[in-house]
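Participant: Can you keep this structure in mind? I'll have questions shortly.
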Amino acid sequence: MKTRIRFVPLGGGQEIGASCYFLQINEENILLDCGKTLKGGAPRYSCILQAPFLESLGQINHIFISHSHYDHVGDLEYLASVCTRAGIYATPITKALIGYMLWDLGGASPSPLTDRQREHAEIRLDKAIRSIITEGYCRALPLPGYTVTFYEAGHIPGAAMVHIQTPDRSILYTGDFSCRPSALTAPYSVPEGVHFDTIIICGVHAKHPSHTAAGIHRELRSISKRVAAGYSLYLEAPHLTKAWEVLQIINEGMENKCLPLVPVYLDRPLQVLAERMERMNIRVLKPWNHACTGHGQGPCLWIGRKAAGAWRGRKDTYRHSIDFSLHPTYEELKRFILTYNPKTVILVHTGYDATGAANCLEAELMASAACRSQFIYAENGEIYTL
Ligand SMILES: [Zn+2]
Ligand SMILES: [Zn+2]
């Protein structure tokens with residue numbers, strides 16, 4: 001019997017934020033990710049709380065979490081409380097990171113919680129995280145009517161691509177992924193010989209044809225010059241996992257003598273995260289890394305995420321904002337699609353339209369004789385039958 005598949009983006013369609021995708025495989029109801037926007041906007045569950053879908057979110061059978069970024073996991077606490085029959089799956093590292101990521105951003109929430117609200121929210125979040133079932137990479141998980149396998153996605157530690165196989169269909173949800181190694185991850189990795197007929201692809205740069213890879217490595221020289229001249233720098237990353245990545249790059253730079261060896265102070269959330277991850281065998285910390293408790297003498301580096309502010313009050317300290325993309329470039333997205341040449345490419349999680357010609361990726365690939373894919377730029381709330 002042919003598998004019946006329906007797909008509805010509830011958030012994270014042609015936008016970055018609140019990634020949550022409903023997938024119905026015959027009678028099985030699946031959610032891929034459960035993110036929120038940075039302003040706290042939740043996915044639009046109302047789109048599926050109607051015929052022919054669900055009467056309540058209690059009918060969701062399984063939730064697969066690709067990685068621990070807020071736009072993919074921010075609504076976990078709510079969903080875990082209403083999807084009472086759902087198995088929630090993630091890799092062990094993603095499960096370990098979720099609490100840090102959510103509380104880090106929760107602290108910057110536009111509507112601060114009272115102590116009591118915060119305590120209750122912490123208990124609910126803790127319960128939700130404990131309910132997550134962990135699954136390693138490349139192990140087929142048998143579920144009713146289909147199997148699910150996680151593959152390494154690169155991007156950040158613990159990130160997974162989700163491969164769903166039925167007897168007649170092979171669907172890949174990439175989540176956020178990267179094609180190049182980063183300081184903390186290898187590139188994405190799918191075993192040889194695996195094929196997909198549908199790829200739901202997170203294409204942050206799908207509408208940015210001129211986007212090229214630029215990382216912090218370029219900035220090391222200017223950081224090095226200032227430190228050598230006796231100044232200190234506060235390296236400010238937009239969020240916790242990027243601060244963690246910056247720490248690794250700085251430590252490597254000091255080990256390779258591209259940077260002068262000076263004390264490196266970590267803001268509290270970064271220090272706690274890095275220490276916890278050491279215990280999970282992601283070793284980043286070096287003897288010259290210290291908790292950000294006091295002001296040392298002489299030049300030093302401080303690393304933290306935006307608005308931490310520990311550097312304030314030091315006249316010899318420069319603030320240096322650092323941001324970089326952990327996503328495939330436009331050219332890498334093209335190569336990725338051509339590598340698997342699926343029948344259907346569903347583009348989601350796309351960034352702003354830099355060209356005014358939103359479908360230039362599709363146009364370029366369709367012009368290639370090797371490409372046999374049909375493209376869907378999936379919109380929030382639209383129903384797609386696959
Ligand atoms: Zn991400
Ligand atoms: Zn994302």
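Labels for the structure tokens follow display order: chains A, B, ..., residues from 1 in each chain, ligands from 1.
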Using only C-alpha atoms and all ligand atoms, find each residue of chain A with at least one atom at most 8 Å away from an atom of ligand 1; report its shortest atom-to-atom pair and that distance in Å (one decimal), sort the rows by chain and rising residue number, and return the result as a Markdown table.
Facilitator:
| residue | atom | partner | partner_atom_place_in_ligand_line | distance |
| --- | --- | --- | --- | --- |
| A:His67 | CA | ligand 1 | 1 (Zn) | 6.7 |
| A:Ser68 | CA | ligand 1 | 1 (Zn) | 7.3 |
| A:His69 | CA | ligand 1 | 1 (Zn) | 5.0 |
| A:Tyr70 | CA | ligand 1 | 1 (Zn) | 7.8 |
| A:Asp71 | CA | ligand 1 | 1 (Zn) | 7.2 |
| A:His72 | CA | ligand 1 | 1 (Zn) | 7.2 |
| A:His155 | CA | ligand 1 | 1 (Zn) | 6.7 |
| A:Ile156 | CA | ligand 1 | 1 (Zn) | 7.2 |
| A:Gly175 | CA | ligand 1 | 1 (Zn) | 7.6 |
| A:Asp176 | CA | ligand 1 | 1 (Zn) | 5.0 |
| A:Phe177 | CA | ligand 1 | 1 (Zn) | 7.6 |
| A:Leu326 | CA | ligand 1 | 1 (Zn) | 7.7 |
Participant: What does the file look like for those residues with C-alpha atoms, as a PDB file, in the first residue's frame?
Facilitator:
ATOM      1  CA  HIS A  67      19.395  20.295  17.841  1.00  0.00           C
ATOM      2  CA  SER A  68      19.351  22.545  20.872  1.00  0.00           C
ATOM      3  CA  HIS A  69      19.031  26.030  19.316  1.00  0.00           C
ATOM      4  CA  TYR A  70      16.068  28.040  20.586  1.00  0.00           C
ATOM      5  CA  ASP A  71      14.432  28.306  17.148  1.00  0.00           C
ATOM      6  CA  HIS A  72      14.203  24.478  17.119  1.00  0.00           C
ATOM      7  CA  HIS A 155      26.358  22.873  12.822  1.00  0.00           C
ATOM      8  CA  ILE A 156      26.672  22.500  16.636  1.00  0.00           C
ATOM      9  CA  GLY A 175      17.589  20.483  10.515  1.00  0.00           C
ATOM     10  CA  ASP A 176      20.346  23.113  10.588  1.00  0.00           C
ATOM     11  CA  PHE A 177      23.481  21.543   9.144  1.00  0.00           C
ATOM     12  CA  LEU A 326      27.257  27.872  10.960  1.00  0.00           C
TER      13      LEU A 326
END
Participant: If we count only C-alpha atoms, what is near Ile129 (chain A) at a cut-off of 10 Å, once residues fewer than 6 positions away on the same chain are taken out, given as a PyMOL selection string?
Facilitator: chain A and resi 76-77+80+88+95-99+123
Participant: Running DSSP on the backbone, which parts of region 22-267 of chain A land in alpha helix (DSSP H), as a ChimeraX atom specification?
Facilitator: /A:70-73,76-82,92-106,115-130,220-228,240-255
Participant: Please list as a ChimeraX atom specification every residue within 10 Å of Ala159 (chain A), counting only C-alpha atoms and excluding residues in the same chain fewer than 6 positions away.
Facilitator: /A:65-69,90-94,137,150-153,174-178,185,188
Participant: Since we have the selection now, will you write its residues out, keeping N, CA and C atoms, as an mmCIF file, in the first residue's frame?
Facilitator:
data_model
loop_
_atom_site.group_PDB
_atom_site.id
_atom_site.type_symbol
_atom_site.label_atom_id
_atom_site.label_comp_id
_atom_site.auth_asym_id
_atom_site.auth_seq_id
_atom_site.Cartn_x
_atom_site.Cartn_y
_atom_site.Cartn_z
ATOM 1 N N ILE A 65 13.770 16.076 17.752
ATOM 2 C CA ILE A 65 14.435 17.382 17.922
ATOM 3 C C ILE A 65 15.791 17.316 17.227
ATOM 4 N N SER A 66 16.015 18.220 16.275
ATOM 5 C CA SER A 66 17.253 18.151 15.488
ATOM 6 C C SER A 66 18.460 18.674 16.288
ATOM 7 N N HIS A 67 18.280 19.769 17.050
ATOM 8 C CA HIS A 67 19.395 20.295 17.841
ATOM 9 C C HIS A 67 18.877 21.296 18.862
ATOM 10 N N SER A 68 19.778 21.842 19.658
ATOM 11 C CA SER A 68 19.351 22.545 20.872
ATOM 12 C C SER A 68 19.183 24.056 20.694
ATOM 13 N N HIS A 69 19.249 24.587 19.470
ATOM 14 C CA HIS A 69 19.031 26.030 19.316
ATOM 15 C C HIS A 69 17.565 26.379 19.593
ATOM 16 N N ALA A 90 15.963 12.859 20.889
ATOM 17 C CA ALA A 90 17.092 13.741 20.538
ATOM 18 C C ALA A 90 18.370 12.965 20.822
ATOM 19 N N THR A 91 19.500 13.494 20.359
ATOM 20 C CA THR A 91 20.780 12.846 20.682
ATOM 21 C C THR A 91 21.144 13.166 22.144
ATOM 22 N N PRO A 92 22.040 12.390 22.752
ATOM 23 C CA PRO A 92 22.400 12.660 24.159
ATOM 24 C C PRO A 92 22.967 14.069 24.369
ATOM 25 N N ILE A 93 23.779 14.548 23.425
ATOM 26 C CA ILE A 93 24.371 15.888 23.624
ATOM 27 C C ILE A 93 23.301 16.966 23.489
ATOM 28 N N THR A 94 22.388 16.803 22.537
ATOM 29 C CA THR A 94 21.290 17.775 22.424
ATOM 30 C C THR A 94 20.492 17.806 23.719
ATOM 31 N N TYR A 137 23.713 8.420 16.740
ATOM 32 C CA TYR A 137 23.713 8.535 15.273
ATOM 33 C C TYR A 137 23.722 7.153 14.622
ATOM 34 N N PHE A 150 19.060 9.012 13.029
ATOM 35 C CA PHE A 150 19.748 10.305 13.124
ATOM 36 C C PHE A 150 21.106 10.203 12.429
ATOM 37 N N TYR A 151 21.463 11.247 11.683
ATOM 38 C CA TYR A 151 22.819 11.356 11.128
ATOM 39 C C TYR A 151 23.464 12.625 11.676
ATOM 40 N N GLU A 152 24.782 12.619 11.772
ATOM 41 C CA GLU A 152 25.491 13.825 12.221
ATOM 42 C C GLU A 152 25.215 14.984 11.269
ATOM 43 N N ALA A 153 24.852 16.136 11.821
ATOM 44 C CA ALA A 153 24.513 17.279 10.970
ATOM 45 C C ALA A 153 25.592 18.360 10.955
ATOM 46 N N THR A 174 16.781 17.888 7.239
ATOM 47 C CA THR A 174 18.186 18.190 7.532
ATOM 48 C C THR A 174 18.371 18.862 8.892
ATOM 49 N N GLY A 175 17.330 19.559 9.411
ATOM 50 C CA GLY A 175 17.589 20.483 10.515
ATOM 51 C C GLY A 175 18.667 21.462 10.059
ATOM 52 N N ASP A 176 19.208 22.259 10.963
ATOM 53 C CA ASP A 176 20.346 23.113 10.588
ATOM 54 C C ASP A 176 21.559 22.198 10.431
ATOM 55 N N PHE A 177 22.332 22.422 9.378
ATOM 56 C CA PHE A 177 23.481 21.543 9.144
ATOM 57 C C PHE A 177 24.618 22.360 8.559
ATOM 58 N N SER A 178 25.807 21.751 8.499
ATOM 59 C CA SER A 178 26.925 22.454 7.859
ATOM 60 C C SER A 178 27.735 21.481 7.021
ATOM 61 N N THR A 185 32.629 20.945 15.488
ATOM 62 C CA THR A 185 31.966 19.810 14.825
ATOM 63 C C THR A 185 32.650 19.449 13.511
ATOM 64 N N TYR A 188 28.457 17.575 8.136
ATOM 65 C CA TYR A 188 27.380 16.583 8.186
ATOM 66 C C TYR A 188 27.887 15.260 7.620
#
Participant: Name the residues in contact with Glu15 (chain A) at a cut-off of 7 Å, using only C-alpha atoms, excluding same-chain residues fewer than 3 positions from it; report them as a list in words.
Facilitator: Gly12, His349, Thr350 and Gly351 of chain A
Participant: Write a file of the just-selected residues containing C-alpha atoms, as a CSV table (one decimal), in the first residue's frame.
Facilitator:
chain,number,residue,atom,x,y,z
A,12,GLY,CA,10.0,28.2,10.2
A,349,HIS,CA,14.0,28.0,7.4
A,350,THR,CA,15.1,30.4,4.7
A,351,GLY,CA,16.6,33.8,5.5
Participant: Which of region 30-130 of chain A end up as strand (DSSP E) when DSSP is run on this backbone - answer as a count of residues only?
Facilitator: 10
